[in-house]
file query39.pdb (PDB, C-alpha atoms, pLDDT in the B column)
ATOM      1  CA  MET V   1     -26.947  31.250  22.627  1.00 47.00           C
ATOM      2  CA  ILE V   2     -25.834  30.664  19.039  1.00 53.00           C
ATOM      3  CA  LYS V   3     -22.178  31.077  20.098  1.00 47.00           C
ATOM      4  CA  ILE V   4     -22.610  28.357  22.719  1.00 46.00           C
ATOM      5  CA  GLN V   5     -24.267  25.998  20.233  1.00 43.00           C
ATOM      6  CA  LEU V   6     -21.544  26.615  17.644  1.00 42.00           C
ATOM      7  CA  SER V   7     -18.864  26.062  20.288  1.00 44.00           C
ATOM      8  CA  LEU V   8     -20.458  22.756  21.339  1.00 43.00           C
ATOM      9  CA  LEU V   9     -20.710  21.655  17.701  1.00 42.00           C
ATOM     10  CA  LEU V  10     -17.045  22.500  17.127  1.00 42.00           C
ATOM     11  CA  VAL V  11     -15.998  20.551  20.243  1.00 41.00           C
ATOM     12  CA  ALA V  12     -18.068  17.549  19.111  1.00 42.00           C
ATOM     13  CA  LEU V  13     -16.451  17.621  15.671  1.00 42.00           C
ATOM     14  CA  VAL V  14     -12.927  17.842  17.082  1.00 42.00           C
ATOM     15  CA  VAL V  15     -13.506  15.033  19.597  1.00 42.00           C
ATOM     16  CA  GLY V  16     -15.134  12.828  16.979  1.00 45.00           C
ATOM     17  CA  CYS V  17     -12.282  13.226  14.493  1.00 50.00           C
ATOM     18  CA  GLY V  18      -9.549  11.219  16.183  1.00 52.00           C
ATOM     19  CA  ASP V  19      -6.634   9.562  14.446  1.00 65.00           C
ATOM     20  CA  ALA V  20      -8.085   6.979  12.060  1.00 79.00           C
ATOM     21  CA  GLY V  21      -4.656   5.402  11.676  1.00 88.00           C
ATOM     22  CA  PRO V  22      -2.820   4.198   8.592  1.00 94.00           C
ATOM     23  CA  PRO V  23      -4.524   2.389   5.717  1.00 96.00           C
ATOM     24  CA  LEU V  24      -5.005  -1.247   6.731  1.00 97.00           C
ATOM     25  CA  ALA V  25      -5.683  -4.341   4.662  1.00 98.00           C
ATOM     26  CA  GLU V  26      -7.000  -7.751   5.664  1.00 98.00           C
ATOM     27  CA  VAL V  27      -4.261 -10.381   5.903  1.00 98.00           C
ATOM     28  CA  SER V  28      -4.765 -14.072   6.546  1.00 98.00           C
ATOM     29  CA  GLY V  29      -3.150 -17.307   5.494  1.00 98.00           C
ATOM     30  CA  ILE V  30      -1.638 -20.538   6.680  1.00 98.00           C
ATOM     31  CA  VAL V  31       1.735 -21.341   8.204  1.00 98.00           C
ATOM     32  CA  THR V  32       3.255 -24.730   7.479  1.00 97.00           C
ATOM     33  CA  TYR V  33       6.471 -26.341   8.653  1.00 97.00           C
ATOM     34  CA  ASP V  34       7.943 -29.193   6.658  1.00 94.00           C
ATOM     35  CA  GLY V  35       4.680 -29.381   4.693  1.00 95.00           C
ATOM     36  CA  GLN V  36       2.420 -29.698   7.764  1.00 97.00           C
ATOM     37  CA  PRO V  37       0.250 -26.959   9.349  1.00 97.00           C
ATOM     38  CA  LEU V  38       2.024 -25.323  12.286  1.00 97.00           C
ATOM     39  CA  PRO V  39      -0.386 -25.929  15.213  1.00 96.00           C
ATOM     40  CA  THR V  40       0.544 -22.941  17.380  1.00 96.00           C
ATOM     41  CA  GLY V  41       2.623 -19.781  17.473  1.00 97.00           C
ATOM     42  CA  THR V  42       2.601 -16.099  16.672  1.00 98.00           C
ATOM     43  CA  ILE V  43       3.401 -13.984  13.618  1.00 98.00           C
ATOM     44  CA  THR V  44       4.635 -10.410  13.782  1.00 98.00           C
ATOM     45  CA  PHE V  45       4.481  -8.086  10.766  1.00 98.00           C
ATOM     46  CA  VAL V  46       7.286  -5.510  11.144  1.00 98.00           C
ATOM     47  CA  PRO V  47       6.487  -2.547   8.860  1.00 97.00           C
ATOM     48  CA  GLN V  48       9.294  -1.073   6.800  1.00 95.00           C
ATOM     49  CA  GLY V  49       7.631   2.359   6.666  1.00 82.00           C
ATOM     50  CA  GLU V  50       8.087   5.002   9.332  1.00 86.00           C
ATOM     51  CA  ASP V  51       5.544   5.448  12.119  1.00 89.00           C
ATOM     52  CA  LEU V  52       3.508   2.401  11.150  1.00 95.00           C
ATOM     53  CA  PRO V  53       2.277   0.000  13.838  1.00 96.00           C
ATOM     54  CA  TYR V  54       3.326  -3.621  14.091  1.00 97.00           C
ATOM     55  CA  ALA V  55       0.632  -6.208  13.363  1.00 98.00           C
ATOM     56  CA  TYR V  56       0.262  -9.574  15.045  1.00 98.00           C
ATOM     57  CA  ALA V  57      -1.512 -12.880  14.580  1.00 98.00           C
ATOM     58  CA  THR V  58      -2.015 -16.009  16.634  1.00 98.00           C
ATOM     59  CA  ILE V  59      -1.581 -19.219  14.677  1.00 98.00           C
ATOM     60  CA  GLN V  60      -4.560 -21.528  15.136  1.00 97.00           C
ATOM     61  CA  GLY V  61      -4.435 -25.334  15.480  1.00 96.00           C
ATOM     62  CA  ASP V  62      -4.918 -25.809  11.729  1.00 97.00           C
ATOM     63  CA  GLY V  63      -2.065 -23.404  10.885  1.00 98.00           C
ATOM     64  CA  THR V  64      -4.335 -20.516   9.880  1.00 98.00           C
ATOM     65  CA  TYR V  65      -3.949 -16.942  11.083  1.00 98.00           C
ATOM     66  CA  TYR V  66      -5.689 -13.582  10.785  1.00 98.00           C
ATOM     67  CA  ALA V  67      -3.590 -10.476  11.523  1.00 98.00           C
ATOM     68  CA  GLU V  68      -4.524  -7.306  13.398  1.00 97.00           C
ATOM     69  CA  THR V  69      -2.959  -4.249  14.980  1.00 97.00           C
ATOM     70  CA  PRO V  70      -3.520  -3.602  18.689  1.00 93.00           C
ATOM     71  CA  GLU V  71      -4.134   0.114  18.070  1.00 94.00           C
ATOM     72  CA  TYR V  72      -6.463  -0.023  15.069  1.00 95.00           C
ATOM     73  CA  GLY V  73      -8.018  -3.502  15.010  1.00 93.00           C
ATOM     74  CA  ASN V  74      -8.285  -5.965  12.131  1.00 95.00           C
ATOM     75  CA  GLY V  75      -5.733  -5.618   9.383  1.00 96.00           C
ATOM     76  CA  VAL V  76      -2.098  -4.875   8.653  1.00 98.00           C
ATOM     77  CA  PRO V  77      -0.691  -1.531   7.445  1.00 97.00           C
ATOM     78  CA  VAL V  78      -0.400  -1.436   3.667  1.00 97.00           C
ATOM     79  CA  GLY V  79       3.232  -1.742   2.552  1.00 96.00           C
ATOM     80  CA  ASN V  80       6.294  -3.949   2.905  1.00 97.00           C
ATOM     81  CA  HIS V  81       6.950  -5.920   6.078  1.00 98.00           C
ATOM     82  CA  LYS V  82       9.590  -8.202   7.511  1.00 98.00           C
ATOM     83  CA  ILE V  83       8.120 -11.213   9.281  1.00 98.00           C
ATOM     84  CA  MET V  84       8.888 -12.973  12.555  1.00 98.00           C
ATOM     85  CA  ILE V  85       7.286 -16.295  13.450  1.00 98.00           C
ATOM     86  CA  SER V  86       7.759 -18.091  16.748  1.00 97.00           C
ATOM     87  CA  ALA V  87       6.287 -21.386  17.869  1.00 96.00           C
ATOM     88  CA  MET V  88       7.085 -23.341  20.979  1.00 93.00           C
ATOM     89  CA  LYS V  89       5.669 -26.104  23.105  1.00 88.00           C
ATOM     90  CA  ASP V  90       5.438 -25.594  26.867  1.00 80.00           C
ATOM     91  CA  MET V  91       6.972 -28.641  28.502  1.00 78.00           C
ATOM     92  CA  GLY V  92       5.842 -27.731  32.041  1.00 80.00           C
ATOM     93  CA  PRO V  93       7.247 -25.649  34.885  1.00 84.00           C
ATOM     94  CA  GLU V  94      10.346 -27.788  35.411  1.00 83.00           C
ATOM     95  CA  ALA V  95      11.427 -28.110  31.781  1.00 81.00           C
ATOM     96  CA  PRO V  96      12.507 -25.582  29.166  1.00 83.00           C
ATOM     97  CA  VAL V  97      10.190 -24.831  26.261  1.00 84.00           C
ATOM     98  CA  GLU V  98      10.682 -26.792  23.065  1.00 90.00           C
ATOM     99  CA  LEU V  99      11.018 -24.821  19.833  1.00 94.00           C
ATOM    100  CA  LEU V 100       8.749 -26.174  17.099  1.00 95.00           C
ATOM    101  CA  ILE V 101      10.551 -24.304  14.313  1.00 96.00           C
ATOM    102  CA  PRO V 102      14.161 -23.123  13.923  1.00 95.00           C
ATOM    103  CA  SER V 103      15.009 -20.058  16.021  1.00 94.00           C
ATOM    104  CA  LYS V 104      16.037 -18.098  12.908  1.00 96.00           C
ATOM    105  CA  TYR V 105      12.336 -17.509  12.156  1.00 97.00           C
ATOM    106  CA  SER V 106      11.824 -15.660  15.454  1.00 96.00           C
ATOM    107  CA  SER V 107      13.751 -12.580  14.281  1.00 96.00           C
ATOM    108  CA  ASP V 108      12.804 -10.223  11.473  1.00 96.00           C
ATOM    109  CA  GLN V 109      16.539  -9.832  10.778  1.00 95.00           C
ATOM    110  CA  SER V 110      17.241 -13.536  10.235  1.00 95.00           C
ATOM    111  CA  SER V 111      13.948 -15.098   9.137  1.00 96.00           C
ATOM    112  CA  GLY V 112      14.263 -14.161   5.468  1.00 96.00           C
ATOM    113  CA  LEU V 113      10.468 -13.804   5.414  1.00 98.00           C
ATOM    114  CA  THR V 114       8.766 -10.760   3.916  1.00 98.00           C
ATOM    115  CA  ALA V 115       5.262  -9.718   2.942  1.00 98.00           C
ATOM    116  CA  ASN V 116       3.948  -7.000   0.666  1.00 98.00           C
ATOM    117  CA  VAL V 117       0.486  -6.021   1.908  1.00 98.00           C
ATOM    118  CA  VAL V 118      -1.748  -4.331  -0.657  1.00 98.00           C
ATOM    119  CA  GLU V 119      -5.189  -2.766  -0.301  1.00 97.00           C
ATOM    120  CA  GLY V 120      -8.050  -5.240  -0.034  1.00 96.00           C
ATOM    121  CA  GLU V 121      -7.824  -8.869   1.043  1.00 97.00           C
ATOM    122  CA  ASN V 122      -4.419 -10.542   1.179  1.00 98.00           C
ATOM    123  CA  THR V 123      -3.767 -14.259   1.524  1.00 98.00           C
ATOM    124  CA  ILE V 124      -0.148 -14.693   2.557  1.00 98.00           C
ATOM    125  CA  ASN V 125       1.050 -18.213   3.314  1.00 98.00           C
ATOM    126  CA  PHE V 126       4.327 -18.985   5.040  1.00 98.00           C
ATOM    127  CA  PRO V 127       5.737 -22.414   4.082  1.00 97.00           C
ATOM    128  CA  LEU V 128       8.618 -22.806   6.557  1.00 96.00           C
ATOM    129  CA  GLU V 129      11.293 -25.342   5.708  1.00 90.00           C
ATOM    130  CA  VAL V 130      13.377 -27.672   7.835  1.00 88.00           C
ATOM    131  CA  GLU V 131      16.968 -26.513   8.006  1.00 78.00           C
ATOM    132  CA  LYS V 132      19.227 -28.851   6.138  1.00 74.00           C
ATOM    133  CA  LYS V 133      22.286 -29.908   8.105  1.00 67.00           C
ATOM    134  CA  LYS V 134      25.597 -29.189   6.478  1.00 56.00           C
ATOM    135  CA  ARG V 135      27.671 -32.245   5.809  1.00 54.00           C
ATOM    136  CA  ARG V 136      31.257 -32.245   6.849  1.00 58.00           C
ATOM    137  CA  LYS V 137      33.708 -33.275   4.217  1.00 60.00           C
ATOM    138  CA  LEU V 138      36.103 -36.021   5.247  1.00 56.00           C
TER     139      LEU V 138
END
call {"tool": "encode", "arguments": {"input": "query39.pdb", "output": "structure tokens"}}
result
Amino acid sequence: MIKIQLSLLLVALVVGCGDAGPPLAEVSGIVTYDGQPLPTGTITFVPQGEDLPYAYATIQGDGTYYAETPEYGNGVPVGNHKIMISAMKDMGPEAPVELLIPSKYSSDQSSGLTANVVEGENTINFPLEVEKKKRRKL
């Protein structure tokens, strides 16, 4: 009887000790474009460490966001991240979508945006700028 009880206790301990995941930290902030809050969009935190999950956030109407990981819930893995931000306006079924920010921000390779997430609460704002057009010399 004691062997059965010990076996059940061992099984309960093993089942209850799943992968807790990487250390996460709270990350929130505001995204602006040309000085105004970006009213919609998504942010992706692309971790630079191995085997770390991506984190995502939906940008709210006032430009604020709060990031989370699908696998582990609220928070972003602690460490360095490259950032992708995309925002578009749906123009209806017959028209293409309209980009609200330059397409360069929608790739972690071209956005130029980074974030260093540390333990605890992080406020990370993303002030996106309008691309300046290059003038042709005459």
call {"tool": "closest_residue", "arguments": {"input": "query39.pdb", "among": "V:Gly112, V:Pro37, V:Pro102, V:Pro96", "to": "His81 in chain V", "atoms": "all atoms listed in the file"}}
result
V:Gly112
call {"tool": "resolve_selection", "arguments": {"input": "query39.pdb", "expression": "the PyMOL selection byres ((chain V and resi 25) around 7)", "output": "number ranges by chain"}}
result
V: 23-24, 26-27, 75-78, 117-121
call {"tool": "resolve_selection", "arguments": {"input": "query39.pdb", "expression": "the PyMOL selection byres ((chain V and resi 125) around 9)", "output": "short mmCIF file (atom, residue, chain, number, x, y, z; two decimals) with C-alpha atoms, in the coordinates of the input"}}
result
data_model
loop_
_atom_site.label_atom_id
_atom_site.label_comp_id
_atom_site.auth_asym_id
_atom_site.auth_seq_id
_atom_site.Cartn_x
_atom_site.Cartn_y
_atom_site.Cartn_z
CA SER V 28 -4.76 -14.07 6.55
CA GLY V 29 -3.15 -17.31 5.49
CA ILE V 30 -1.64 -20.54 6.68
CA VAL V 31 1.74 -21.34 8.20
CA THR V 32 3.26 -24.73 7.48
CA THR V 64 -4.34 -20.52 9.88
CA THR V 123 -3.77 -14.26 1.52
CA ILE V 124 -0.15 -14.69 2.56
CA PHE V 126 4.33 -18.98 5.04
CA PRO V 127 5.74 -22.41 4.08
#
call {"tool": "closest_residue", "arguments": {"input": "query39.pdb", "among": "V:Ala67, V:Leu99, V:Ala115, V:Ala57", "to": "Ile83 in chain V", "atoms": "all atoms listed in the file"}}
result
V:Ala115
call {"tool": "closest_residue", "arguments": {"input": "query39.pdb", "among": "V:Pro47, V:Gly79, V:Gly35, V:Pro53", "to": "Asn116 in chain V", "atoms": "only C-alpha atoms"}}
result
V:Gly79
call {"tool": "resolve_selection", "arguments": {"input": "query39.pdb", "expression": "the PyMOL selection byres ((chain V and resi 109) around 12)", "output": "PyMOL selection string"}}
result
chain V and resi 46+81-85+103-108+110-114
call {"tool": "write_last_selection", "arguments": {"input": "query39.pdb", "atoms": "C-alpha atoms", "output": "CSV table (one decimal), in the coordinates of the input"}}
result
chain,number,residue,atom,x,y,z
V,46,VAL,CA,7.3,-5.5,11.1
V,81,HIS,CA,7.0,-5.9,6.1
V,82,LYS,CA,9.6,-8.2,7.5
V,83,ILE,CA,8.1,-11.2,9.3
V,84,MET,CA,8.9,-13.0,12.6
V,85,ILE,CA,7.3,-16.3,13.4
V,103,SER,CA,15.0,-20.1,16.0
V,104,LYS,CA,16.0,-18.1,12.9
V,105,TYR,CA,12.3,-17.5,12.2
V,106,SER,CA,11.8,-15.7,15.5
V,107,SER,CA,13.8,-12.6,14.3
V,108,ASP,CA,12.8,-10.2,11.5
V,110,SER,CA,17.2,-13.5,10.2
V,111,SER,CA,13.9,-15.1,9.1
V,112,GLY,CA,14.3,-14.2,5.5
V,113,LEU,CA,10.5,-13.8,5.4
V,114,THR,CA,8.8,-10.8,3.9
call {"tool": "residues_near_point", "arguments": {"input": "query39.pdb", "point": "(0.2, -23.3, 18.4)", "cutoff": "9 Å", "atoms": "all atoms listed in the file", "output": "list in words"}}
result
Leu38, Pro39, Thr40, Gly41, Thr42, Thr58, Ile59, Gln60, Gly61, Asp62, Gly63, Ala87, Met88 and Lys89 of chain V
call {"tool": "write_last_selection", "arguments": {"input": "query39.pdb", "atoms": "C-alpha atoms", "output": "mmCIF file, keeping the file's coordinate frame"}}
result
data_model
loop_
_atom_site.group_PDB
_atom_site.id
_atom_site.type_symbol
_atom_site.label_atom_id
_atom_site.label_comp_id
_atom_site.auth_asym_id
_atom_site.auth_seq_id
_atom_site.Cartn_x
_atom_site.Cartn_y
_atom_site.Cartn_z
ATOM 1 C CA LEU V 38 2.024 -25.323 12.286
ATOM 2 C CA PRO V 39 -0.386 -25.929 15.213
ATOM 3 C CA THR V 40 0.544 -22.941 17.380
ATOM 4 C CA GLY V 41 2.623 -19.781 17.473
ATOM 5 C CA THR V 42 2.601 -16.099 16.672
ATOM 6 C CA THR V 58 -2.015 -16.009 16.634
ATOM 7 C CA ILE V 59 -1.581 -19.219 14.677
ATOM 8 C CA GLN V 60 -4.560 -21.528 15.136
ATOM 9 C CA GLY V 61 -4.435 -25.334 15.480
ATOM 10 C CA ASP V 62 -4.918 -25.809 11.729
ATOM 11 C CA GLY V 63 -2.065 -23.404 10.885
ATOM 12 C CA ALA V 87 6.287 -21.386 17.869
ATOM 13 C CA MET V 88 7.085 -23.341 20.979
ATOM 14 C CA LYS V 89 5.669 -26.104 23.105
#
call {"tool": "closest_residue", "arguments": {"input": "query39.pdb", "among": "V:Ala55, V:Pro70, V:Asn122, V:Leu128", "to": "Ile101 in chain V", "atoms": "only C-alpha atoms"}}
result
V:Leu128
call {"tool": "atom_distance", "arguments": {"input": "query39.pdb", "atom1": "CA of Glu50 in chain V", "atom2": "CA of Ser86 in chain V"}}
result
24.3 Å
call {"tool": "atom_distance", "arguments": {"input": "query39.pdb", "atom1": "CA of Gly21 in chain V", "atom2": "CA of Ile43 in chain V"}}
result
21.1 Å
call {"tool": "closest_residue", "arguments": {"input": "query39.pdb", "among": "V:Thr44, V:Ala20, V:Glu94, V:Tyr33", "to": "Gly73 in chain V", "atoms": "only C-alpha atoms"}}
result
V:Ala20
call {"tool": "axis_aligned_box", "arguments": {"input": "query39.pdb", "around": "range 111-119 of chain V", "padding_each_side": "8 Å", "output": "JSON"}}
result
{"center_x": 4.5, "center_y": -8.9, "center_z": 4.2, "size_x": 35.5, "size_y": 28.3, "size_z": 25.8}
call {"tool": "atom_distance", "arguments": {"input": "query39.pdb", "atom1": "CA of Val97 in chain V", "atom2": "CA of Glu129 in chain V"}}
result
20.6 Å
